[in-house]
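Chemist: Structure below; questions to follow.
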Protein chains: 4
Amino acid sequence: MCGIIGVFDADTGCQNKYNSQDYAMLGLFAEQHRGQESCGMAVSDGGVFKLKKEMGLVKQVFTPEVLSQLKGRIAVGHVRYPTRGSATHYNSQPHVVETLAGPSFALASNGDIVNYSQIRSELEDQGVYFASDNDGELLIKYIVYQVDKKGKSIVEAIKLLMENIKGAYSTVLATRDALYMFRDPQAIRPMVWGKTDDNVYIAASESCALNILGIYDFDEVNAGEIIIVTNNGTEKILGVDDRNKINLCHCIFEHIYFSRPDSYNFKENIYMVRECIGSLLADLDDFDADMVIPVPDSANFMAIGYTRKKQIPFEMGLIRNHYVGRTFIKPEQTIRDEGVQHKYNALPNFFEGKKIILVDDSLVRGTTIKKIIDLILRAGAKEVHLRIGSPPVKYSCFYGIDTPTKEELIANRKSLEGIREYIGADTLKYLPVNLLKNIVSKPDNYCSACFTGDYPI
Amino acid sequence: MCGIIGVFDADTGCQNKYNSQDYAMLGLFAEQHRGQESCGMAVSDGGVFKLKKEMGLVKQVFTPEVLSQLKGRIAVGHVRYPTRGSATHYNSQPHVVETLAGPSFALASNGDIVNYSQIRSELEDQGVYFASDNDGELLIKYIVYQVDKKGKSIVEAIKLLMENIKGAYSTVLATRDALYMFRDPQAIRPMVWGKTDDNVYIAASESCALNILGIYDFDEVNAGEIIIVTNNGTEKILGVDDRNKINLCHCIFEHIYFSRPDSYNFKENIYMVRECIGSLLADLDDFDADMVIPVPDSANFMAIGYTRKKQIPFEMGLIRNHYVGRTFIKPEQTIRDEGVQHKYNALPNFFEGKKIILVDDSLVRGTTIKKIIDLILRAGAKEVHLRIGSPPVKYSCFYGIDTPTKEELIANRKSLEGIREYIGADTLKYLPVNLLKNIVSKPDNYCSACFTGDYPI
Amino acid sequence: MCGIIGVFDADTGCQNKYNSQDYAMLGLFAEQHRGQESCGMAVSDGGVFKLKKEMGLVKQVFTPEVLSQLKGRIAVGHVRYPTRGSATHYNSQPHVVETLAGPSFALASNGDIVNYSQIRSELEDQGVYFASDNDGELLIKYIVYQVDKKGKSIVEAIKLLMENIKGAYSTVLATRDALYMFRDPQAIRPMVWGKTDDNVYIAASESCALNILGIYDFDEVNAGEIIIVTNNGTEKILGVDDRNKINLCHCIFEHIYFSRPDSYNFKENIYMVRECIGSLLADLDDFDADMVIPVPDSANFMAIGYTRKKQIPFEMGLIRNHYVGRTFIKPEQTIRDEGVQHKYNALPNFFEGKKIILVDDSLVRGTTIKKIIDLILRAGAKEVHLRIGSPPVKYSCFYGIDTPTKEELIANRKSLEGIREYIGADTLKYLPVNLLKNIVSKPDNYCSACFTGDYPI
Amino acid sequence: MCGIIGVFDADTGCQNKYNSQDYAMLGLFAEQHRGQESCGMAVSDGGVFKLKKEMGLVKQVFTPEVLSQLKGRIAVGHVRYPTRGSATHYNSQPHVVETLAGPSFALASNGDIVNYSQIRSELEDQGVYFASDNDGELLIKYIVYQVDKKGKSIVEAIKLLMENIKGAYSTVLATRDALYMFRDPQAIRPMVWGKTDDNVYIAASESCALNILGIYDFDEVNAGEIIIVTNNGTEKILGVDDRNKINLCHCIFEHIYFSRPDSYNFKENIYMVRECIGSLLADLDDFDADMVIPVPDSANFMAIGYTRKKQIPFEMGLIRNHYVGRTFIKPEQTIRDEGVQHKYNALPNFFEGKKIILVDDSLVRGTTIKKIIDLILRAGAKEVHLRIGSPPVKYSCFYGIDTPTKEELIANRKSLEGIREYIGADTLKYLPVNLLKNIVSKPDNYCSACFTGDYPI
């Protein structure tokens with residue numbers, strides 16, 4: 001999981017005013033939840049792309065001093081999630097490719113390529129060189145190869161890419177005078193775009209990044225669509241030759257966990273999807289309890305949805321410390337498995353003798369929730385009933401989620417009862433797979449392979 | 001406002017095991033909400049105090065590499081709130097004083113000294129030199145002067161300090177073989193202490209810092225009390241010659257805004273005080289509304305208190321971005337007056353046509369809440385009724401809160417109606433001063449001078 | 001003036017052993033006198049070129065830690081003289097160009113291109129982009145354009161370069177599996193190459209850089225010659241289609257000032273050329289003096305040549321401080337015009353009442369020698385007779401020497417008597433232009449345009 | 001071996017003009033040959049001493065930016081030679097001691113204390129704490145103890161120091177309003193002082209540091225003398241109660257190797273002493289040779305002395321690379337034992353068939369000269385006759401020279417013939433011990449214990 005941003009200032013006035021780097025920084029800041037390991041930005045003022053990629057949070061890396069060195073009119077940016085791969089400069093984004101005409105392409109993408117090895121081999125056979133194992137490099141090298149070696153236009157190159165490269169890619173591609181936004185024909189990862197009142201065009205992974213820039217009126221970059229932004233405004237092109245090749249497979253996990261609750265992805269309000277999940281979870285229970293407690297912050301709206309259905313009080317009994325710094329992030333670790341005792345605390349004199357409904361969004365390895373339940377029990381709770389806002393995660397994702405290997409997934413290693421016993425809950429219920437269809441308006445447009453194993457490709 | 005930590009490892013085993021720096025780091029991390037501008041730590045392993053003070057968050061400054069350089073048995077630490085004063089090395093804490101016997105005193109303190117100028121003059125007349133304008137330096141120089149020049153014991157020096165120095169000081173003082181914890185006879189700022197199972201003694205500003213270290217059983221460092229920790233355990237001494245000199249004046253603002261909701265300060269559960277405030281606010285209203293929305297996170301429990309009394313739904317309609325980085329903090333600014341549009345966003349498709357009860361903890365300048373209300377109205381809300389969980393702030397604080405000058409306080413510049421109009425709310429209500437007595441069990445033990453102007457000293 | 005190095009380890013054994021970066025560092029260290037402003041190195045281990053360019057001395061920039069990050073088999077390096085141009089990353093060398101096949105060309109060159117603007121325009125008309133004003137970028141972009149766009153082989157590209165690009169270029173060009181050494185058909189700047197006993201091929205600006213690597217048996221890279229080094233050894237190719245196009249124009253100033261006295265450039269021993277100059281200067285005088293003093297270190301051998309002819313004692317009366325650091329170098333300044341009082345001191349109790357022959361290599365602006373003469377006179381000397389080991393510098397150089405503009409050259413602004421008066425010498429003599437032919441064995445092969453204005457191209 | 005500087009600007013005009021830091025930097029730069037490992041400076045503007053100590057050369061550490069942070073009126077500085085001890089911050093100078101009256105003493109010293117352990121024990125028994133093993137810390141703690149604990153004046157404290165502390169100490173001590181210069185009653189290490197035309201007083205290890213500041217008229221800080229500089233000018237005090245306690249023991253090695261040839265130490269011109277040594281060496285030989293070659297630069301004047309006596313030509317056949325950088329210095333190594341092949345090169349086509357007199361100043365371990373002789377022989381020399389400008393070094397120094405242990409000294413491990421054979425010379429001669437008395441005018445005032453074992457204390 002990662003976040004992208006693309007900026008094109010279509011104002012044709014005084015060059016000095018261009019501040020695409022500031023727009024990009026704020027957009028990345030709003031998308032920080034999608035990746036905290038490293039961030040990067042490539043900015044052009046019509047000339048050489050200036051590139052800055054570094055470990056750390058957006059506000060740490062892109063200080064005012066750094067931004068003043070990156071001043072320009074066109075920018076693409078990226079925040080990277082700590083994944084298993086090495087956190088090197090080569091493996092992080094954006095990627096810039098210098099052709100003889102100068103360093104003229106910069107690209108940032110979110111999502112994983114399924115046929116990466118095959119495409120890479122084909123390009124290597126043509127003499128194309130790869131410096132990293134990163135999907136973004138594959139995309140930019142593919143495009144530059146088509147343009148520089150095969151004489152294709154950039155749009156033709158992207159169309160070929162859409163025909164041949166399989167998987168998820170919500171992508172921004174900048175040249176020295178244009179910004180291209182495009183998205184895979186399955187629209188696996190989110191991607192939106194809009195325009196400020198000052199004529200600055202922005203593409204982003206989530207709408208919260210447009211909101212921070214004052215844009216509330218925005219659209220999806222549609223599946224298989226290419227949008228070109230130049231001084232003359234925008235042009236939309238269908239990137240596939242046949243509409244039938246568009247086959248929507250939105251990632252359901254974006255709604256459950258990844259996205260910010262104030263985002264509007266795949267034409268759904270994330271917070272509403274989560275409240276709906278909570279409501280469905282409530283329907284599964286027919287006993288009373290003293291309170292509903294979310295694991296903050298991702299399960300907040302699920303807990304609210306639960307509480308509303310059952311009239312059991314919603315309580316914020318767990319306090320989360322948000323002041324993480326650079327070193328808190330350990331790239332070796334996968335999803336949310338870090339020191340719970342540093343991050344959460346229980347309200348004092350609160351849980352004593354209480355019967356608790358604890359709501360979390362998902363259960364991957366189970367190590368974190370085990371510690372949280374222990375925290376609550378030590379605080380005196382009588383019973384802890386864990387409700388998970390998604391079905392058991394049993395399958396690895398090939399489209400951009402950094403899940404553990406199948407062997408590490410607790411749902412593959414233990415029975416429901418075994419999991420319950422391991423984490424120390426009194427009861428444990430997941431959202432049943434068959435209810436997933438109830439949480440979104442167009443369930444057929446979604447991929448839920450991590451729960452079902454039914455991979456769309 | 002600042003946070004302190006003191007660590008003494010009373011285990012007399014192998015020296016290599018001492019990791020007081022790790023305890024101090026985690027404690028400061030838990031107290032990060034009390035100061036994000038800079039942090040510092042002084043650590044001794046029986047020898048020279050190693051000192052590290054730097055701008056930045058605890059997890060940024062105290063990386064594993066830095067901590068490995070600070071290994072030791074005794075530590076004092078400090079997080080500093082961005083105040084008006086210059087953020088220099090000299091003005092930050094801890095302070096270390098080298099006497100001829102080596103750099104043997106390290107001190108960190110929270111709170112402001114009222115008769116600073118007078119005491120400093122007296123010491124300067126005796127030839128004592130000051131490198132900063134910081135209260136902590138005054139305390140350490142006072143003590144060292146009494147010990148080094150007047151032949152007093154450290155305890156005698158602290159007793160003299162308590163007799164002569166007026167104001168707030170929750171203080172930890174380390175020597176190369178002992179840790180002294182002491183607190184002003186008014187106990188203006190919070191201070192607690194406890195012991196881990198491994199015989200490590202910890203003093204902290206708030207109990208959440210003890211919790212993170214696994215300590216749930218703890219005490220207040222009482223008003224006017226001195227606690228000495230050595231290899232032989234602890235000794236408690238009354239620092240004033242007469243119990244009548246103890247005159248409790250706890251800061252009421254700690255409950256309203258400063259402290260973490262999971263802390264237990266002045267023998268009160270913070271979250272309960274805030275829920276009580278919300279409940280009292282609810283009693284003031286006799287109309288219905290669609291929802292109660294807190295300004296996250298400080299007003300969360302007040303909103304919950306409100307919602308419980310009136311059965312108006314609690315909603316988390318504002319999303320806060322927590323990924324602040326180093327540069328987000330601008331020391332020139334005072335309390336919470338930074339770019340609201342970077343920090344908050346409204347849920348989409350949520351506020352349309354709604355009548356909102358918006359709850360915030362306090363109103364200082366009014367600039368932030370004005371922007372939040374604008375955000376909610378632009379999101380379509382029909383009415384916004386602002387409820388403030390404290391009386392109007394009309395007076396500056398002399399005990400450690402960095403309030404603006406009286407002229408900048410909106411409650412001094414405008415009438416209630418003027419304020420309401422300025423911030424754009426449909427109605428505005430504060431918690432009445434006379435109800436403050438209802439939110440804590442021993443109201444006479446509190447200072448509420450910032451609301452009343454009745455300064456205890 | 002700059003220095004270059006190229007390294008190719010032709011040993012085909014274990015990859016781990018390759019240390020071309022260490023060879024390059026030592027070679028650059030030996031050529032440090034050719035440029036102290038910045039240094040750079042690009043190293044490949046068969047993959048991406050790792051590039052490091054930074055302000056500072058070789059031993060400061062290429063620390064063991066840095067070198068360990070640059071491990072590889074093929075390396076090109078560069079030291080840069082402080083010139084008038086801006087000391088930016090873009091303007092420094094080596095240059096690396098990434099084609100679609102990866103960052104596959106790295107180039108370092110010494111010398112100036114005469115028809116830079118014309119060639120750049122031609123390339124820009126073909127869409128080639130330039131990020132700097134540096135000659136090295138012109139050369140690499142020219143070659144890559146011919147290879148990548150015109151389908152030429154690298155050798156063909158270099159041949160075209162030799163036909164079309166006028167000026168000085170002693171150049172090393174690395175690909176991921178070969179090292180190309182080539183030199184302009186006039187052989188304006190020095191360039192030598194050799195091989196270690198371990199089968200490591202080295203190209204360098206001066207032979208002292210080969211000596212430091214244990215190579216004492218070496219050759220010139222001949223005028224217009226291309227030498228290709230691969231795993232299979234070396235191949236030499238004539239880069240021009242007609243030997244008549246080779247027209248030697250060695251820079252005479254290399255012998256007079258630039259080169260290290262222990263180098264063997266243009267098949268001459270530098271120290272012998274300088275001794276010869278001193279001897280010729282001595283022939284011009286027919287009076288006695290107490291001592292001959294060189295301005296250290298460049299005029300040492302001239303002074304020795306003088307003393308030998310006239311039996312006037314050679315004395316090292318001026319002491320030079322060599323411990324310059326990074327900040328001592330001011331790129332705004334031109335040749336040797338920095339604070340003489342920091343750099344030179346006179347022996348005490350030495351010059352009193354003495355008649356001095358002071359020898360310097362050249363006179364550009366005259367400001368430094370004026371201060372040195374003042375130093376000697378204040379030390380009590382009775383007379384100072386200045387002898388300059390070259391004719392008056394009257395013309396700017398177009399082939400790589402950073403001379404001041406014609407207007408700044410003292411020889412253009414003042415008469416001989418005016419110069420003498422300005423610098424405060426009792427007498428002043430230059431090496432007469434007509435004697436230049438006596439100092440080298442093949443005078444027709446040299447350019448002395450800075451003295452005569454007879455530019456070879 | 002180290003170098004010191006002390007600066008006091010006695011001008012009482014506008015405070016803004018004070019630039020003692022610039023004077024100190026230049027003075028240290030001139031003394032860089034006395035220590036290249038680290039350098040430090042403490043500067044006061046009447047207030048807190050600002051202290052900067054760091055690894056690296058003077059011009060690297062004290063950049064214009066750093067100096068602008070150190071602006072002040074009084075400064076003491078130090079350059080440190082790479083010694084066996086650890087190169088930590090604690091072990092480097094200057095030392096600053098903070099008394100209760102602020103950080104008010106700063107001290108830099110050159111020389112070793114003989115009864116260090118005894119004095120340290122005595123002070124520790126009084127409760128004085130030591131953070132390092134550095135002699136400078138002993139001196140400052142001794143003085144501060146006498147002043148702060150015993151009520152002595154600073155002058156009284158220095159007098160007590162002179163009575164009780166044995167060994168070498170050329171010292172500058174700064175307070176916030178005065179500079180004290182003092183030197184041990186044996187005057188083991190050099191120390192001079194003077195005044196600029198602008199009323200700035202300077203103390204330095206060597207006169208070359210005064211010259212660089214424009215001071216040519218200067219005095220010794222005499223043995224056992226204390227010189228106090230304040231706004232009112234200077235006062236000289238005899239630091240011992242009885243002139244008989246003054247017993248001159250100047251280090252003869254300062255003349256042979258340590259000092260710069262343009263310095264005037266112990267009232268001798270260093271270059272003249274070295275020329276005299278060369279002349280004495282020449283007297284020992286009665287054969288002819290082709291040339292006399294010095295190991296540059298320390299033996300230059302010895303070789304000139306030799307050549308003048310015997311009319312054998314002086315030649316600079318070895319070229320030394322002076323562009324050492326930070327990493328070239330390896331603190332683990334002792335005197336001049338680093339990679340000779342990096343540092344020296346032989347002139348090409350020069351030594352072939354020649355009979356060489358090679359002159360070096362001293363022979364410690366013999367490893368360097370062995371490599372140099374090998375270099376010359378590989379360059380074709382027929383015979384190499386090594387002449388050493390000092391007697392065999394057989395004894396360790398207790399006064400500040402970092403000599404290897406006795407076991408490492410080649411003169412203790414091998415016979416003369418054994419040494420000759422090891423280093424590969426055809427003949428080897430040292431300066432006979434009995435001739436040492438001929439090289440200085442007052443030989444009884446010198447210590448030559450490293451040659452004779454006759455330690456003066």
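Ordering of the structure tokens sets the chain letters (A, B, ...); residue numbers start at 1 within each chain; ligands are numbered from 1 in the order shown.
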Dump as a ChimeraX atom specification the residues of chain C that approach chain D to within 9 Å, counting only C-alpha atoms.
Modeler: /C:26,29-30,32-33,36,57-64,208,211-214,216,260-264,269,271,300-301,304,308,313-319,321-328,341-349
Chemist: Do you know which residues are at most 10 Å from segment 227-234 of chain D counting only C-alpha atoms, after dropping those on the same chain fewer than 4 positions away, and could you put them as a short mmCIF file (atom, residue, chain, number, x, y, z; two decimals) with N, CA and C atoms, in the first residue's frame?
Modeler:
```cif
data_model
loop_
_atom_site.label_atom_id
_atom_site.label_comp_id
_atom_site.auth_asym_id
_atom_site.auth_seq_id
_atom_site.Cartn_x
_atom_site.Cartn_y
_atom_site.Cartn_z
N VAL D 7 44.10 34.31 23.08
CA VAL D 7 43.83 35.63 22.49
C VAL D 7 43.07 36.49 23.50
N PHE D 8 43.52 37.72 23.66
CA PHE D 8 42.77 38.69 24.48
C PHE D 8 42.76 40.01 23.73
N ASP D 9 41.59 40.50 23.42
CA ASP D 9 41.48 41.77 22.72
C ASP D 9 41.33 42.87 23.76
N ALA D 10 42.39 43.62 23.96
CA ALA D 10 42.40 44.62 25.03
C ALA D 10 41.81 45.94 24.58
N ASP D 11 41.38 45.98 23.35
CA ASP D 11 40.70 47.19 22.89
C ASP D 11 39.38 47.30 23.64
N THR D 12 39.08 48.48 24.12
CA THR D 12 37.87 48.62 24.94
C THR D 12 36.77 49.33 24.17
N VAL D 155 46.19 33.72 40.62
CA VAL D 155 47.66 33.75 40.59
C VAL D 155 48.23 32.83 41.68
N VAL D 172 47.61 28.35 28.43
CA VAL D 172 46.78 29.56 28.44
C VAL D 172 45.50 29.25 29.21
N LEU D 173 45.14 30.16 30.09
CA LEU D 173 43.94 30.02 30.93
C LEU D 173 43.11 31.28 30.77
N ALA D 174 41.87 31.11 30.35
CA ALA D 174 41.01 32.29 30.18
C ALA D 174 39.92 32.30 31.22
N ASP D 177 37.15 37.65 31.89
CA ASP D 177 37.69 38.99 31.69
C ASP D 177 39.21 39.07 31.71
N ALA D 178 39.87 37.93 31.64
CA ALA D 178 41.34 37.98 31.64
C ALA D 178 41.91 36.74 30.95
N LEU D 179 43.14 36.90 30.49
CA LEU D 179 43.87 35.76 29.93
C LEU D 179 45.16 35.58 30.71
N TYR D 180 45.39 34.38 31.23
CA TYR D 180 46.62 34.06 31.95
C TYR D 180 47.46 33.16 31.06
N MET D 181 48.74 33.54 30.89
CA MET D 181 49.69 32.68 30.18
C MET D 181 50.71 32.22 31.21
N PHE D 182 51.02 30.94 31.23
CA PHE D 182 52.11 30.52 32.12
C PHE D 182 52.79 29.27 31.60
N ARG D 183 53.97 29.02 32.12
CA ARG D 183 54.83 27.97 31.57
C ARG D 183 55.61 27.34 32.71
N TRP D 193 54.76 35.06 23.21
CA TRP D 193 53.60 35.95 23.22
C TRP D 193 53.97 37.30 22.64
N ASN D 199 46.18 46.12 19.55
CA ASN D 199 46.02 45.88 20.98
C ASN D 199 45.42 44.50 21.29
N VAL D 200 45.64 43.56 20.41
CA VAL D 200 45.21 42.20 20.68
C VAL D 200 46.43 41.39 21.13
N TYR D 201 46.33 40.80 22.33
CA TYR D 201 47.43 40.02 22.88
C TYR D 201 47.27 38.56 22.49
N ILE D 202 48.40 37.97 22.09
CA ILE D 202 48.38 36.59 21.62
C ILE D 202 49.46 35.79 22.33
N ALA D 203 49.10 34.63 22.81
CA ALA D 203 50.09 33.66 23.27
C ALA D 203 50.03 32.46 22.34
N VAL D 221 57.31 33.44 26.82
CA VAL D 221 56.76 33.37 28.17
C VAL D 221 57.83 32.61 28.93
N ASN D 222 58.50 33.29 29.84
CA ASN D 222 59.69 32.69 30.44
C ASN D 222 59.35 31.54 31.37
N LEU D 238 56.43 36.40 38.72
CA LEU D 238 57.24 35.18 38.80
C LEU D 238 56.42 34.14 39.56
N GLY D 239 56.25 33.00 38.96
CA GLY D 239 55.35 32.00 39.55
C GLY D 239 56.00 31.11 40.58
#
```
Chemist: Could you pull out all residues of segment 66-189 of chain B with a DSSP call of helix (DSSP H, G or I) and give them as a ChimeraX atom specification?
Modeler: /B:66-69,116-125,135-149,154-164
Chemist: Please provide as a list in words all residues within 9 Å of Ser92 of chain C, with the sequence filter that same-chain residues fewer than 4 positions apart are discarded (counting only C-alpha atoms).
Modeler: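 Contacts, in chain order: Ser38, Cys39, Gly40, Lys53, Glu54, His78, Val79, Arg80, Ala87, Thr88, Ser132, Asn134 and Gly136 of chain C.
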Chemist: Dump C-alpha atoms for the selected residues as a PDB file, in the first residue's frame?
Modeler:
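Dumped everything to out-v5.pdb:
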```pdb
ATOM      1  CA  SER C  38      35.544  19.336  -5.786  1.00  0.00           C
ATOM      2  CA  CYS C  39      36.038  15.732  -6.747  1.00  0.00           C
ATOM      3  CA  GLY C  40      33.875  12.978  -8.092  1.00  0.00           C
ATOM      4  CA  LYS C  53      30.522  14.200  -6.381  1.00  0.00           C
ATOM      5  CA  GLU C  54      31.222  16.663  -3.645  1.00  0.00           C
ATOM      6  CA  HIS C  78      37.752  13.756 -11.628  1.00  0.00           C
ATOM      7  CA  VAL C  79      39.230  16.562  -9.539  1.00  0.00           C
ATOM      8  CA  ARG C  80      38.032  20.046 -10.323  1.00  0.00           C
ATOM      9  CA  ALA C  87      30.505  25.031  -8.315  1.00  0.00           C
ATOM     10  CA  THR C  88      27.279  23.103  -8.641  1.00  0.00           C
ATOM     11  CA  SER C 132      24.884  22.109 -17.229  1.00  0.00           C
ATOM     12  CA  ASN C 134      30.127  21.762 -18.548  1.00  0.00           C
ATOM     13  CA  GLY C 136      32.159  16.968 -20.015  1.00  0.00           C
TER      14      GLY C 136
END
```
Chemist: Near segment 165-167 of chain B, counting only C-alpha atoms, which residues have an atom at most 7 Å away, once you skip same-chain residues fewer than 4 positions from it, shown as a list in words?
Modeler: Asp112, Ile113, Val114, Asn115, Leu161 and Tyr399 of chain B
Chemist: Tell me, which residues of segment 110-289 of chain C carry DSSP strand (DSSP E or B), written as JSON, numbers by chain?
Modeler: {"C": [110, 113, 167, 170, 171, 172, 173, 174, 179, 180, 181, 182, 183, 192, 193, 194, 195, 200, 201, 202, 203, 204, 218, 219, 220, 225, 226, 227, 228, 229, 230, 233, 234, 235, 236, 237, 238, 250, 251, 264, 265, 268, 269]}
Chemist: Can you measure atom CA of Asn434 of chain B to atom CA of Met191 of chain B for me? One decimal in Å is fine.
Modeler: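 According to the coordinates, atom CA of Asn434 of chain B and atom CA of Met191 of chain B are separated by 27.1 Å.
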Chemist: Could you tell me how far atom CA of Ile158 of chain B sits from atom CA of Ile143 of chain B, in Å to one decimal place?
Modeler: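 Computing the Euclidean distance for atom CA of Ile143 of chain B and atom CA of Ile158 of chain B yields 6.5 Å.
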Chemist: Env of His255 of chain A: 8 Å cut, atoms = only C-alpha atoms, seq-sep filter 5 positions within chain, self excluded. Answer as a list in words.
Modeler: Asn265, Ile270, Val273 and Arg274 of chain A
Chemist: Just the residues within 12 Å of segment 280-283 of chain C, please, counting only C-alpha atoms, with nothing from its chain fewer than 3 positions along; format it as a VMD selection string.
Modeler: chain C and resid 273 to 277 286 to 289 292 302 to 312 357 to 361 385 to 391 428 to 439
Chemist: Smallest atom-to-atom distance to Glu98 of chain A: which of A:Pro443, A:Gly35, A:Gly127, A:Gly47, using only C-alpha atoms?
Modeler: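 Answer, going by the shortest atom-to-atom distance: A:Gly47.
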